[in-house]
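Okay, work.txt is below, compact mmCIF, C-alpha atoms:
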# COMPACT_ATOMS: atom_id res chain seq x y z
CA MET W 665 -13.24 8.27 27.70
CA MET W 666 -12.48 10.59 30.60
CA VAL W 667 -13.87 9.20 33.85
CA LYS W 668 -15.92 11.58 36.01
CA LYS W 669 -16.10 10.99 39.73
CA PRO W 670 -18.80 12.46 41.99
CA LEU W 671 -17.23 14.55 44.73
CA GLU W 672 -18.90 16.15 47.73
CA PHE W 673 -17.25 18.45 50.26
CA ARG W 674 -17.91 21.64 52.20
CA LEU W 675 -16.50 24.83 50.76
CA ASN W 676 -16.39 27.70 53.25
CA GLY W 677 -19.20 25.99 55.18
CA THR W 678 -21.46 25.32 52.18
CA GLU W 679 -22.06 21.81 50.82
CA VAL W 680 -20.71 21.39 47.31
CA ALA W 681 -21.26 18.49 44.89
CA VAL W 682 -19.38 18.29 41.59
CA PHE W 683 -18.04 15.77 39.11
CA ALA W 684 -14.26 15.73 39.12
CA ASP W 685 -12.18 14.39 36.26
CA GLU W 686 -9.85 11.48 36.90
CA ALA W 687 -6.65 12.80 38.54
CA GLU W 688 -8.00 16.37 38.55
CA ASN W 689 -6.46 18.62 41.15
CA LEU W 690 -8.43 20.56 43.75
CA LEU W 691 -7.51 23.95 42.32
CA SER W 692 -9.04 23.04 38.97
CA VAL W 693 -12.23 21.83 40.67
CA LEU W 694 -12.51 24.99 42.77
CA ARG W 695 -11.94 27.39 39.89
CA ALA W 696 -13.53 25.62 36.93
CA LYS W 697 -16.33 23.62 38.52
CA VAL W 698 -17.30 25.46 41.69
CA GLY W 699 -16.50 28.96 40.48
CA ASP W 700 -14.38 30.06 43.44
CA LEU W 701 -11.68 32.09 41.71
CA THR W 702 -9.87 33.22 44.85
CA PRO W 703 -7.23 30.45 44.77
CA LYS W 704 -4.90 31.31 41.87
CA TYR W 705 -3.12 29.11 39.37
CA GLY W 706 0.56 29.99 39.68
CA CYS W 707 3.20 27.34 39.12
CA GLY W 708 1.06 24.19 39.16
CA GLN W 709 3.90 22.46 41.01
CA GLY W 710 3.27 23.38 44.64
CA GLY W 711 6.07 25.90 44.58
CA CYS W 712 4.47 29.34 44.77
CA GLY W 713 1.56 29.20 47.22
CA ALA W 714 -0.88 31.19 45.04
CA CYS W 715 -3.36 28.29 45.18
CA MET W 716 -3.25 27.87 48.97
CA VAL W 717 -6.45 26.74 50.67
CA THR W 718 -7.22 24.96 53.93
CA ILE W 719 -8.49 21.43 54.35
CA ASP W 720 -9.97 20.80 57.80
CA GLY W 721 -8.12 23.90 59.01
CA ARG W 722 -4.67 22.93 57.68
CA THR W 723 -3.08 24.81 54.82
CA VAL W 724 -2.40 22.86 51.63
CA LEU W 725 -1.50 23.70 48.06
CA SER W 726 -4.59 22.95 46.02
CA CYS W 727 -2.76 22.61 42.70
CA ILE W 728 -1.01 19.47 43.97
CA THR W 729 -3.94 18.12 45.97
CA LEU W 730 -5.84 15.35 44.24
CA ALA W 731 -9.43 16.59 44.24
CA GLU W 732 -10.99 13.30 45.29
CA THR W 733 -8.97 13.32 48.53
CA VAL W 734 -11.16 16.13 49.92
CA ALA W 735 -14.36 14.07 49.83
CA GLY W 736 -16.27 14.91 53.02
CA ALA W 737 -13.72 17.48 54.13
CA ASP W 738 -14.01 21.17 55.01
CA VAL W 739 -12.23 23.25 52.38
CA GLY W 740 -11.54 26.90 53.09
CA THR W 741 -10.53 29.62 50.63
CA LEU W 742 -10.05 33.36 50.79
CA ALA W 743 -13.68 33.76 49.71
CA GLY W 744 -14.75 32.28 53.05
CA LEU W 745 -12.87 34.79 55.16
CA SER W 746 -14.96 37.85 54.43
CA GLY W 747 -18.68 38.31 54.99
CA GLU W 748 -20.31 41.70 54.93
CA ARG W 749 -16.97 43.13 56.02
CA LEU W 750 -13.52 42.29 54.80
CA ASP W 751 -11.30 40.16 57.00
CA PRO W 752 -8.93 42.38 59.04
CA LEU W 753 -6.06 40.84 57.10
CA GLN W 754 -7.60 42.00 53.82
CA GLU W 755 -8.02 45.50 55.26
CA ALA W 756 -4.43 45.50 56.50
CA PHE W 757 -3.09 44.33 53.14
CA MET W 758 -4.91 47.21 51.45
CA ASP W 759 -3.96 49.80 54.05
CA GLY W 760 -0.30 48.73 54.09
CA PHE W 761 0.10 48.35 50.31
CA ALA W 762 0.91 44.69 50.89
CA ALA W 763 -0.70 43.79 47.56
CA GLN W 764 0.73 45.12 44.32
CA CYS W 765 -0.15 42.82 41.42
CA GLY W 766 -2.30 40.91 43.91
CA TYR W 767 -1.66 37.46 42.52
CA CYS W 768 -0.06 36.06 45.66
CA THR W 769 -2.46 37.86 47.99
CA PRO W 770 -5.15 35.17 48.41
CA GLY W 771 -2.53 32.57 49.30
CA MET W 772 -0.74 34.98 51.62
CA ILE W 773 -3.93 35.81 53.49
CA VAL W 774 -5.02 32.17 53.76
CA ALA W 775 -1.56 31.33 55.18
CA ALA W 776 -1.69 34.27 57.58
CA ARG W 777 -5.21 33.52 58.80
CA ALA W 778 -4.28 29.84 59.38
CA LEU W 779 -1.31 31.04 61.43
CA LEU W 780 -3.40 33.41 63.54
CA GLN W 781 -5.99 30.72 64.19
CA HIS W 782 -3.34 28.47 65.73
CA ASN W 783 -1.13 31.19 67.18
CA PRO W 784 -2.83 34.57 67.77
CA THR W 785 0.41 36.25 68.86
CA PRO W 786 3.14 35.16 66.44
CA ASP W 787 6.47 36.94 66.40
CA ARG W 788 8.13 38.16 63.22
CA ASP W 789 10.04 34.90 62.64
CA GLN W 790 6.87 32.85 63.02
CA ILE W 791 5.10 35.08 60.48
CA ILE W 792 7.97 34.66 58.03
CA GLU W 793 7.86 30.91 58.57
CA ALA W 794 4.08 30.84 58.05
CA ILE W 795 4.30 32.51 54.64
CA SER W 796 7.38 30.62 53.52
CA ASP W 797 5.32 28.52 51.09
CA ASN W 798 4.18 31.72 49.36
CA ILE W 799 6.18 33.61 46.77
CA CYS W 800 5.67 37.34 46.12
CA ARG W 801 7.64 38.96 43.29
CA CYS W 802 6.36 42.52 43.87
CA THR W 803 6.58 43.63 47.46
CA GLY W 804 9.81 42.20 48.81
CA TYR W 805 7.63 40.69 51.57
CA GLU W 806 8.21 43.48 54.08
CA PRO W 807 4.77 45.17 53.63
CA ILE W 808 3.13 41.74 53.88
CA ILE W 809 4.91 40.95 57.15
CA GLU W 810 4.03 44.40 58.48
CA ALA W 811 0.37 43.99 57.49
CA ILE W 812 0.15 40.70 59.35
CA GLN W 813 1.94 42.23 62.36
CA SER W 814 -0.56 45.09 62.37
CA VAL W 815 -3.45 42.61 62.56
CA VAL W 816 -1.71 40.75 65.38
CA ALA W 817 -1.37 44.03 67.26
CA GLN W 818 -4.96 44.98 66.48
CA GLU W 819 -6.39 41.62 67.58
CA ARG W 820 -4.21 41.63 70.69
CA ALA W 821 -5.66 45.02 71.56
CA GLY W 822 -9.13 43.55 71.18
CA GLY W 823 -10.08 45.34 67.97
CA SER W 824 -11.33 43.70 64.83
CA MET U 1411 -3.68 8.82 28.17
CA PRO U 1412 -5.04 10.06 31.49
CA VAL U 1413 -3.75 8.86 34.82
CA LYS U 1414 -5.97 6.31 36.52
CA ILE U 1415 -6.55 6.62 40.27
CA GLU U 1416 -7.01 3.36 42.15
CA SER U 1417 -7.98 3.14 45.81
CA MET U 1418 -6.55 0.15 47.61
CA ALA U 1419 -7.10 -0.95 51.19
CA ASP U 1420 -4.30 -3.48 51.32
CA LEU U 1421 -0.63 -2.54 51.30
CA ASP U 1422 0.61 -5.90 50.03
CA ALA U 1423 -1.82 -5.86 47.11
CA ALA U 1424 -0.53 -2.41 46.21
CA ALA U 1425 3.03 -3.71 46.36
CA GLN U 1426 2.12 -6.42 43.86
CA VAL U 1427 0.66 -3.84 41.48
CA LEU U 1428 3.84 -1.78 41.79
CA ALA U 1429 6.00 -4.82 41.10
CA GLY U 1430 4.08 -5.64 37.93
CA ASP U 1431 3.50 -2.21 36.41
CA LYS U 1432 6.30 0.30 36.02
CA THR U 1433 3.81 3.07 35.22
CA ALA U 1434 2.19 2.74 38.67
CA GLN U 1435 3.17 4.86 41.67
CA VAL U 1436 1.84 5.25 45.20
CA LEU U 1437 0.30 8.64 45.88
CA GLY U 1438 1.10 9.91 49.36
CA GLY U 1439 0.90 13.62 50.03
CA GLY U 1440 1.13 14.48 46.35
CA THR U 1441 4.05 16.89 46.61
CA ILE U 1442 6.24 14.80 44.28
CA LEU U 1443 3.72 13.07 42.03
CA MET U 1444 0.98 15.66 41.51
CA PRO U 1445 3.32 18.09 39.70
CA ARG U 1446 4.03 15.22 37.29
CA VAL U 1447 0.30 14.58 36.88
CA ASN U 1448 -0.30 18.27 36.21
CA ALA U 1449 2.50 18.28 33.64
CA GLY U 1450 0.94 15.32 31.83
CA ASP U 1451 3.86 12.96 32.45
CA VAL U 1452 3.08 10.01 30.18
CA ALA U 1453 5.31 7.70 32.24
CA LEU U 1454 2.72 7.92 35.00
CA ARG U 1455 -0.43 5.90 34.23
CA ARG U 1456 -1.68 4.60 37.58
CA LEU U 1457 -1.73 6.28 40.98
CA LEU U 1458 -2.47 4.06 43.96
CA ARG U 1459 -4.18 5.59 46.98
CA ILE U 1460 -3.64 3.25 49.91
CA SER U 1461 -5.95 3.51 52.90
CA ASP U 1462 -4.20 0.87 55.04
CA PRO U 1463 -4.12 2.45 58.55
CA VAL U 1464 -0.66 1.01 59.20
CA LEU U 1465 0.74 3.76 57.00
CA ARG U 1466 -0.48 6.44 59.43
CA LYS U 1467 0.53 4.65 62.61
CA MET U 1468 3.21 5.97 64.96
CA THR U 1469 4.66 4.26 68.02
CA VAL U 1470 6.86 6.73 69.83
CA GLY U 1471 6.51 5.97 73.54
CA GLY U 1472 9.24 3.35 74.01
CA PRO U 1473 12.91 3.02 73.17
CA GLU U 1474 12.07 1.77 69.68
CA ILE U 1475 10.14 4.07 67.42
CA THR U 1476 7.98 3.07 64.47
CA ILE U 1477 6.64 5.63 62.02
CA GLY U 1478 4.31 4.67 59.17
CA ALA U 1479 5.30 5.80 55.71
CA GLY U 1480 2.12 7.85 55.34
CA VAL U 1481 2.83 10.04 58.38
CA SER U 1482 3.25 13.68 57.40
CA MET U 1483 6.03 16.05 58.38
CA ALA U 1484 3.45 18.09 60.34
CA ASP U 1485 2.46 14.95 62.28
CA ILE U 1486 6.12 14.32 63.14
CA LEU U 1487 6.51 17.94 64.26
CA ALA U 1488 3.43 17.61 66.47
CA GLN U 1489 5.04 14.72 68.38
CA GLN U 1490 7.31 15.88 71.19
CA GLY U 1491 8.56 12.30 71.46
CA LEU U 1492 10.13 12.76 68.02
CA ALA U 1493 11.92 16.02 68.87
CA PHE U 1494 15.22 14.61 67.59
CA LEU U 1495 13.67 14.43 64.09
CA HIS U 1496 12.26 17.96 64.19
CA PRO U 1497 15.39 19.78 62.91
CA ALA U 1498 15.07 17.81 59.65
CA ALA U 1499 11.26 17.66 59.41
CA VAL U 1500 10.98 21.43 59.76
CA CYS U 1501 13.33 21.86 56.79
CA VAL U 1502 10.83 20.23 54.43
CA GLY U 1503 9.10 23.11 52.63
CA GLY U 1504 6.84 25.55 54.45
CA PRO U 1505 3.84 24.73 56.66
CA ALA U 1506 1.52 23.77 53.78
CA ILE U 1507 4.06 21.45 52.22
CA ARG U 1508 4.69 19.88 55.62
CA ASN U 1509 0.96 19.28 56.06
CA MET U 1510 1.05 17.27 52.83
CA ALA U 1511 4.53 15.71 52.51
CA THR U 1512 4.88 12.23 53.94
CA LEU U 1513 7.78 10.32 55.41
CA GLY U 1514 7.48 7.74 52.62
CA GLY U 1515 7.72 10.41 49.94
CA ASN U 1516 10.78 11.93 51.60
CA LEU U 1517 12.57 8.57 51.42
CA PHE U 1518 12.25 8.63 47.63
CA ALA U 1519 12.72 12.35 47.00
CA LYS U 1520 15.72 13.01 44.79
CA ALA U 1521 18.33 15.67 45.65
CA PRO U 1522 18.11 18.50 46.56
CA TYR U 1523 15.12 17.23 48.54
CA GLY U 1524 14.83 14.40 51.07
CA ASP U 1525 16.27 16.11 54.15
CA LEU U 1526 14.56 13.86 56.70
CA ALA U 1527 15.87 10.78 54.89
CA VAL U 1528 19.43 12.00 55.54
CA LEU U 1529 18.82 12.16 59.28
CA LEU U 1530 17.12 8.76 59.28
CA LEU U 1531 20.13 7.32 57.44
CA ALA U 1532 22.53 8.66 60.06
CA LEU U 1533 20.37 7.16 62.81
CA GLY U 1534 20.70 3.65 61.39
CA THR U 1535 17.00 3.38 60.63
CA GLU U 1536 15.48 0.16 59.36
CA VAL U 1537 12.59 -0.10 56.93
CA SER U 1538 9.88 -2.72 56.62
CA LEU U 1539 8.72 -3.22 53.06
CA ALA U 1540 5.31 -4.35 51.87
CA GLY U 1541 4.66 -7.30 49.58
CA GLY U 1542 6.37 -10.55 48.83
CA ARG U 1543 6.82 -11.52 52.43
CA THR U 1544 4.41 -13.70 54.33
CA GLY U 1545 4.81 -16.08 57.23
CA PRO U 1546 7.95 -16.03 59.40
CA GLY U 1547 9.85 -13.65 57.11
CA ALA U 1548 7.09 -11.04 57.17
CA ALA U 1549 8.64 -9.15 60.06
CA ARG U 1550 12.02 -8.85 58.35
CA ARG U 1551 13.50 -5.43 58.22
CA ASP U 1552 16.15 -4.00 55.96
CA PRO U 1553 18.61 -1.19 56.62
CA ILE U 1554 17.39 2.07 55.13
CA GLU U 1555 20.45 2.05 52.84
CA VAL U 1556 18.68 -0.47 50.57
CA LEU U 1557 16.44 2.36 49.38
CA PHE U 1558 19.38 4.57 48.40
CA ARG U 1559 21.71 2.04 46.81
CA GLN U 1560 19.53 1.21 43.82
CA SER U 1561 19.57 3.30 40.69
CA THR U 1562 17.00 6.06 40.57
CA ASP U 1563 15.34 4.36 37.60
CA ALA U 1564 14.83 1.10 39.45
CA ARG U 1565 11.33 0.29 40.58
CA ALA U 1566 10.91 1.60 44.10
CA PRO U 1567 9.79 -0.79 46.83
CA LEU U 1568 6.75 0.08 48.92
CA VAL U 1569 7.78 1.11 52.42
CA ARG U 1570 5.37 0.16 55.19
CA ALA U 1571 7.16 1.93 58.06
CA VAL U 1572 10.53 2.95 59.43
CA HIS U 1573 11.92 1.68 62.72
CA LEU U 1574 14.65 3.31 64.75
CA ALA U 1575 16.07 3.39 68.24
CA ARG U 1576 15.67 6.58 70.22
CA PRO U 1577 19.07 8.32 70.18
CA LYS U 1578 20.75 9.38 73.39
CA ALA U 1579 20.87 13.08 74.22
CA GLY U 1580 23.58 14.76 72.15
CA GLN U 1581 24.12 11.70 69.96
CA VAL U 1582 22.91 13.22 66.73
CA GLN U 1583 23.29 16.56 64.97
CA PHE U 1584 21.63 17.70 61.75
CA HIS U 1585 22.35 20.68 59.53
CA LYS U 1586 20.94 21.80 56.21
CA MET U 1587 22.73 24.42 54.16
CA ALA U 1588 20.52 26.22 51.63
CA ARG U 1589 20.98 29.38 49.61
CA THR U 1590 17.53 30.78 50.45
CA ASN U 1591 16.09 31.01 53.91
CA PRO U 1592 14.01 30.08 55.76
CA ARG U 1593 13.22 27.33 53.27
CA GLY U 1594 15.20 26.43 50.21
CA PRO U 1595 16.50 23.32 48.51
CA ALA U 1596 19.68 21.98 50.05
CA VAL U 1597 23.15 22.68 48.78
CA VAL U 1598 24.22 20.07 51.28
CA THR U 1599 22.53 18.34 54.18
CA LEU U 1600 24.50 16.61 56.92
CA ALA U 1601 23.50 14.36 59.76
CA VAL U 1602 26.05 12.96 62.21
CA SER U 1603 25.43 10.30 64.82
CA LEU U 1604 28.23 9.55 67.29
CA GLU U 1605 28.01 6.88 69.97
CA VAL U 1606 30.66 7.63 72.57
CA SER U 1607 31.98 5.14 75.10
CA ALA U 1608 34.67 5.89 77.70
CA GLY U 1609 35.53 9.16 75.97
CA ARG U 1610 36.07 7.54 72.57
CA ILE U 1611 33.81 7.30 69.56
CA ALA U 1612 32.54 3.74 69.48
CA LYS U 1613 30.36 4.13 66.40
CA ALA U 1614 29.96 6.94 63.88
CA ARG U 1615 27.45 7.32 61.07
CA ILE U 1616 27.73 10.34 58.81
CA ALA U 1617 25.02 10.86 56.21
CA LEU U 1618 24.95 13.52 53.51
CA GLY U 1619 22.26 14.80 51.19
CA GLY U 1620 22.73 16.82 48.01
CA ILE U 1621 26.13 15.22 47.32
CA GLU U 1622 24.68 12.37 45.28
CA THR U 1623 21.20 12.01 43.80
CA ARG U 1624 20.16 10.07 46.91
CA PRO U 1625 21.32 10.34 50.52
CA CYS U 1626 24.66 8.66 51.09
CA LEU U 1627 26.79 7.46 53.99
CA ALA U 1628 30.38 8.63 54.34
CA VAL U 1629 31.70 5.32 55.63
CA GLY U 1630 35.38 6.25 55.27
CA VAL U 1631 34.88 9.52 57.13
CA ALA U 1632 33.13 7.68 59.94
CA ARG U 1633 35.97 5.14 60.08
CA THR U 1634 38.54 7.89 60.72
CA LEU U 1635 36.55 8.94 63.79
CA GLU U 1636 35.84 5.51 65.28
CA GLY U 1637 38.15 4.59 68.11
CA ALA U 1638 39.39 8.15 68.53
CA ALA U 1639 38.47 10.84 71.02
CA LEU U 1640 36.62 13.73 69.39
CA SER U 1641 39.44 16.28 69.14
CA GLU U 1642 40.41 19.01 66.68
CA ALA U 1643 42.96 16.62 65.16
CA ALA U 1644 40.33 13.92 64.69
CA ILE U 1645 37.93 16.44 63.15
CA THR U 1646 40.60 17.64 60.71
CA ARG U 1647 41.34 14.04 59.67
CA ALA U 1648 37.62 13.38 59.16
CA CYS U 1649 37.07 16.52 57.08
CA ALA U 1650 40.08 15.74 54.90
CA GLU U 1651 38.56 12.35 54.14
CA VAL U 1652 35.30 13.80 52.76
CA LEU U 1653 36.57 14.54 49.27
CA ARG U 1654 38.66 11.37 49.14
CA GLU U 1655 35.47 9.40 49.60
CA LEU U 1656 32.80 11.45 47.85
CA THR U 1657 32.51 13.21 44.50
CA PRO U 1658 29.82 15.88 44.95
CA ARG U 1659 27.49 16.47 42.04
CA SER U 1660 26.97 19.80 40.30
CA ASP U 1661 23.59 21.30 39.50
CA ALA U 1662 21.96 24.71 39.16
CA LEU U 1663 22.17 25.29 42.92
CA ALA U 1664 25.88 24.65 43.37
CA SER U 1665 28.95 23.26 41.68
CA GLY U 1666 30.46 20.04 42.89
CA TRP U 1667 33.49 22.01 44.13
CA TYR U 1668 31.30 24.31 46.24
CA ARG U 1669 29.30 21.39 47.62
CA GLY U 1670 32.52 19.68 48.63
CA GLU U 1671 33.78 22.80 50.41
CA MET U 1672 30.47 23.27 52.20
CA ALA U 1673 30.29 19.60 53.19
CA GLN U 1674 33.72 19.86 54.84
CA LEU U 1675 32.95 23.21 56.49
CA HIS U 1676 29.63 22.13 57.98
CA LEU U 1677 30.95 18.72 59.01
CA ARG U 1678 33.71 20.53 60.93
CA ARG U 1679 31.18 22.82 62.62
CA ILE U 1680 28.87 19.95 63.56
CA LEU U 1681 31.70 17.89 65.03
CA GLN U 1682 33.01 20.90 66.95
CA GLN U 1683 29.54 21.38 68.43
CA MET U 1684 29.55 17.74 69.52
CA MET U 1685 32.95 18.00 71.27
I'd like the structure from this file rewritten - as structure tokens, please.
Amino acid sequence: MMVKKPLEFRLNGTEVAVFADEAENLLSVLRAKVGDLTPKYGCGQGGCGACMVTIDGRTVLSCITLAETVAGADVGTLAGLSGERLDPLQEAFMDGFAAQCGYCTPGMIVAARALLQHNPTPDRDQIIEAISDNICRCTGYEPIIEAIQSVVAQERAGGS
Amino acid sequence: MPVKIESMADLDAAAQVLAGDKTAQVLGGGTILMPRVNAGDVALRRLLRISDPVLRKMTVGGPEITIGAGVSMADILAQQGLAFLHPAAVCVGGPAIRNMATLGGNLFAKAPYGDLAVLLLALGTEVSLAGGRTGPGAARRDPIEVLFRQSTDARAPLVRAVHLARPKAGQVQFHKMARTNPRGPAVVTLAVSLEVSAGRIAKARIALGGIETRPCLAVGVARTLEGAALSEAAITRACAEVLRELTPRSDALASGWYRGEMAQLHLRRILQQMM
């Protein structure tokens, strides 16, 4: 019989309690049990970045994170970035056509926001490094880099 | 049959489980084992989560450095006292992977991964293993080579921590050659440590990754350098020895021939930088 384990954590600031299957990964818990569909299932091997979330502010790949390891932790997803307004990164991705099929976009934005939280003024190389866990097969990356650069410029100028 | 997760507080107890059950593995950051769990690998039945704080402990202030096997690449990169390890630690995946991947996992990662292990091998690192040792022998350490000599199917020991001396400035150089940048699996990884005395190389350790399934030492190449001054002639002799000593493997990333050429090329460049 499949063992179920009680699991409590905070998702985007809200307390969550679920039963996780034995050896279930965090992505599966988020999508199937909590209903947050923003992290995507891509490779299931930690190779594409579509499932990227944050745990206590640090980016991780949720498909290769054992769900029970986040007990008591703060988990952040793309869903937590926008309130009544979209996050500036989401706006920039739309304005700059940085999303085509859109599958990599949640992971890209989570990676970019984590970068900007630690380093508000990254240069181009630091942006490339920050999204190097994330694979995009549509855009060739350039519009994504430019979208992130535009937010850096915007936030440096004091806009939002 | 589903994988069973077991939380264990004690490292030695976990080592005993590992010794007695070939379907058990220690879960560190998950970057190696969780893909196998997701794929339903039936050879994996038990995952041990070890909470022993010794695994996360780092001692970096003095001349001897100790790093617990559970320390992540991001933790190593956050330590300025470990700057000599940063060129290899930063090669491990992107930021998210480095937040997860542990030193212990890197020691057992098969080629083309395990970049940090190559640098640690060149630095003459020692490992302390958990289990089976109590009393006076408990503090015994083994050279890191013991982890790489065994066959990849052999049951892996449980590493408690690695111990290494702080290298002198300019003593060590590391280079990873990959086909995709900034982060890609290694075609070849090289780490060279040269201890120079009175203008001559007193001790050389040359470690390579990607050549064999596990990191390896080019002992013959190092021997050609020892006792000599680091000159173009000495470098040429050392590079010529590479393919006499090693038979690079072929895989989807590179043929053995290409790996051999790249190993010689990058060894030459590293040694020229160290002149």
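Residue-level contacts from chain W to chain U at 6 Å, counting only C-alpha atoms, read Gln709, Thr723, Val724, Ile728, Ser796 and Asp797 of chain W.
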note = CA of Thr1634 (chain U) to CA of Ala1650 (chain U) measures 9.9 Å
ask   = Which residues come within 12 Å of Ala821 (chain W), counting all atoms listed in the file, excluding same-chain residues fewer than 6 positions away, as a PyMOL selection string?
value = chain W and resi 784-785+814-815
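From CA of Arg1624 (chain U) back to CA of Ala1673 (chain U), the distance works out to 15.3 Å.
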Just need the box for region 805-809 of chain W, edges along x, y and z, holding every atom the file lists for it with 3 Å tacked onto each side, so centre and edge lengths in Å to one decimal, as lines of an AutoDock Vina configuration file.
center_x = 5.7
center_y = 42.9
center_z = 54.4
size_x = 11.1
size_y = 10.5
size_z = 11.6
inquiry  = Between U:Arg1610, U:Arg1615, U:His1676, U:Lys1467, which residue has the minimum interatomic distance to Ala1644 (chain U), considering all atoms listed in the file?
reply    = U:Arg1610
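Coordinates place CA of Val1598 (chain U) at a distance of 4.8 Å from CA of Gly1620 (chain U).
Here the question is which of U:Asp1525, U:Asp1420, U:Glu1555, U:Glu1636 gets nearest to Phe1584 (chain U) using only C-alpha atoms, and that residue is U:Asp1525.
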task = Skip Pro1497 (chain U) itself and residues of its chain fewer than 6 positions away, then list as a list in words all residues within 10 Å of it, counting all atoms listed in the file.
result = Leu1487, Asp1525, Leu1526, Leu1529, Gln1583, Phe1584, His1585 and Lys1586 of chain U
ask   = Which one of U:Ala1643, U:Ile1460, U:Leu1454, U:Leu1539 sits closest to Thr733 (chain W) if you count all atoms listed in the file?
value = U:Ile1460
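Within 10 Å of Ser692 (chain W), once only C-alpha atoms are used and residues closer than 4 positions along the same chain are dropped, the contacting residues are Ala684, Asp685, Glu688, Ala696, Lys697, Val698, Gly699, Asp700, Leu701, Pro703, Lys704, Tyr705, Cys715, Ser726, Cys727, Thr729, Leu730 and Ala731 of chain W.
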query = Using all atoms listed in the file, what residues lie at most 12 Å away from (12.3, 1.8, 62.2) (file coordinates), given as a PyMOL selection string?
reply = chain U and resi 1468-1470+1473-1479+1513+1530-1531+1533-1539+1549-1554+1569-1576
Keeping only C-alpha atoms, write the selected residues as an mmCIF file, in the coordinates of the input.
data_model
loop_
_atom_site.group_PDB
_atom_site.id
_atom_site.type_symbol
_atom_site.label_atom_id
_atom_site.label_comp_id
_atom_site.auth_asym_id
_atom_site.auth_seq_id
_atom_site.Cartn_x
_atom_site.Cartn_y
_atom_site.Cartn_z
ATOM 1 C CA MET U 1468 3.210 5.970 64.960
ATOM 2 C CA THR U 1469 4.660 4.260 68.020
ATOM 3 C CA VAL U 1470 6.860 6.730 69.830
ATOM 4 C CA PRO U 1473 12.910 3.020 73.170
ATOM 5 C CA GLU U 1474 12.070 1.770 69.680
ATOM 6 C CA ILE U 1475 10.140 4.070 67.420
ATOM 7 C CA THR U 1476 7.980 3.070 64.470
ATOM 8 C CA ILE U 1477 6.640 5.630 62.020
ATOM 9 C CA GLY U 1478 4.310 4.670 59.170
ATOM 10 C CA ALA U 1479 5.300 5.800 55.710
ATOM 11 C CA LEU U 1513 7.780 10.320 55.410
ATOM 12 C CA LEU U 1530 17.120 8.760 59.280
ATOM 13 C CA LEU U 1531 20.130 7.320 57.440
ATOM 14 C CA LEU U 1533 20.370 7.160 62.810
ATOM 15 C CA GLY U 1534 20.700 3.650 61.390
ATOM 16 C CA THR U 1535 17.000 3.380 60.630
ATOM 17 C CA GLU U 1536 15.480 0.160 59.360
ATOM 18 C CA VAL U 1537 12.590 -0.100 56.930
ATOM 19 C CA SER U 1538 9.880 -2.720 56.620
ATOM 20 C CA LEU U 1539 8.720 -3.220 53.060
ATOM 21 C CA ALA U 1549 8.640 -9.150 60.060
ATOM 22 C CA ARG U 1550 12.020 -8.850 58.350
ATOM 23 C CA ARG U 1551 13.500 -5.430 58.220
ATOM 24 C CA ASP U 1552 16.150 -4.000 55.960
ATOM 25 C CA PRO U 1553 18.610 -1.190 56.620
ATOM 26 C CA ILE U 1554 17.390 2.070 55.130
ATOM 27 C CA VAL U 1569 7.780 1.110 52.420
ATOM 28 C CA ARG U 1570 5.370 0.160 55.190
ATOM 29 C CA ALA U 1571 7.160 1.930 58.060
ATOM 30 C CA VAL U 1572 10.530 2.950 59.430
ATOM 31 C CA HIS U 1573 11.920 1.680 62.720
ATOM 32 C CA LEU U 1574 14.650 3.310 64.750
ATOM 33 C CA ALA U 1575 16.070 3.390 68.240
ATOM 34 C CA ARG U 1576 15.670 6.580 70.220
#
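For the point (-0.8, 48.3, 54.9) in file coordinates, the residues within 12 Å, using all atoms listed in the file, are Pro752, Leu753, Gln754, Glu755, Ala756, Phe757, Met758, Asp759, Gly760, Phe761, Ala762, Ala763, Gln764, Thr803, Tyr805, Glu806, Pro807, Ile808, Ile809, Glu810, Ala811, Ile812, Gln813, Ser814 and Val815 of chain W.
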task = List the neighbours of Thr741 (chain W) out to 10 Å using all atoms listed in the file; skip same-chain residues closer than 4 positions along the sequence, and give me the result as a list of chain:residue names.
result = W:Leu675, W:Asn676, W:Leu694, W:Asp700, W:Leu701, W:Thr702, W:Pro703, W:Cys715, W:Met716, W:Val717, W:Thr718, W:Ile719, W:Thr723, W:Leu745, W:Pro770, W:Gly771, W:Ile773, W:Val774
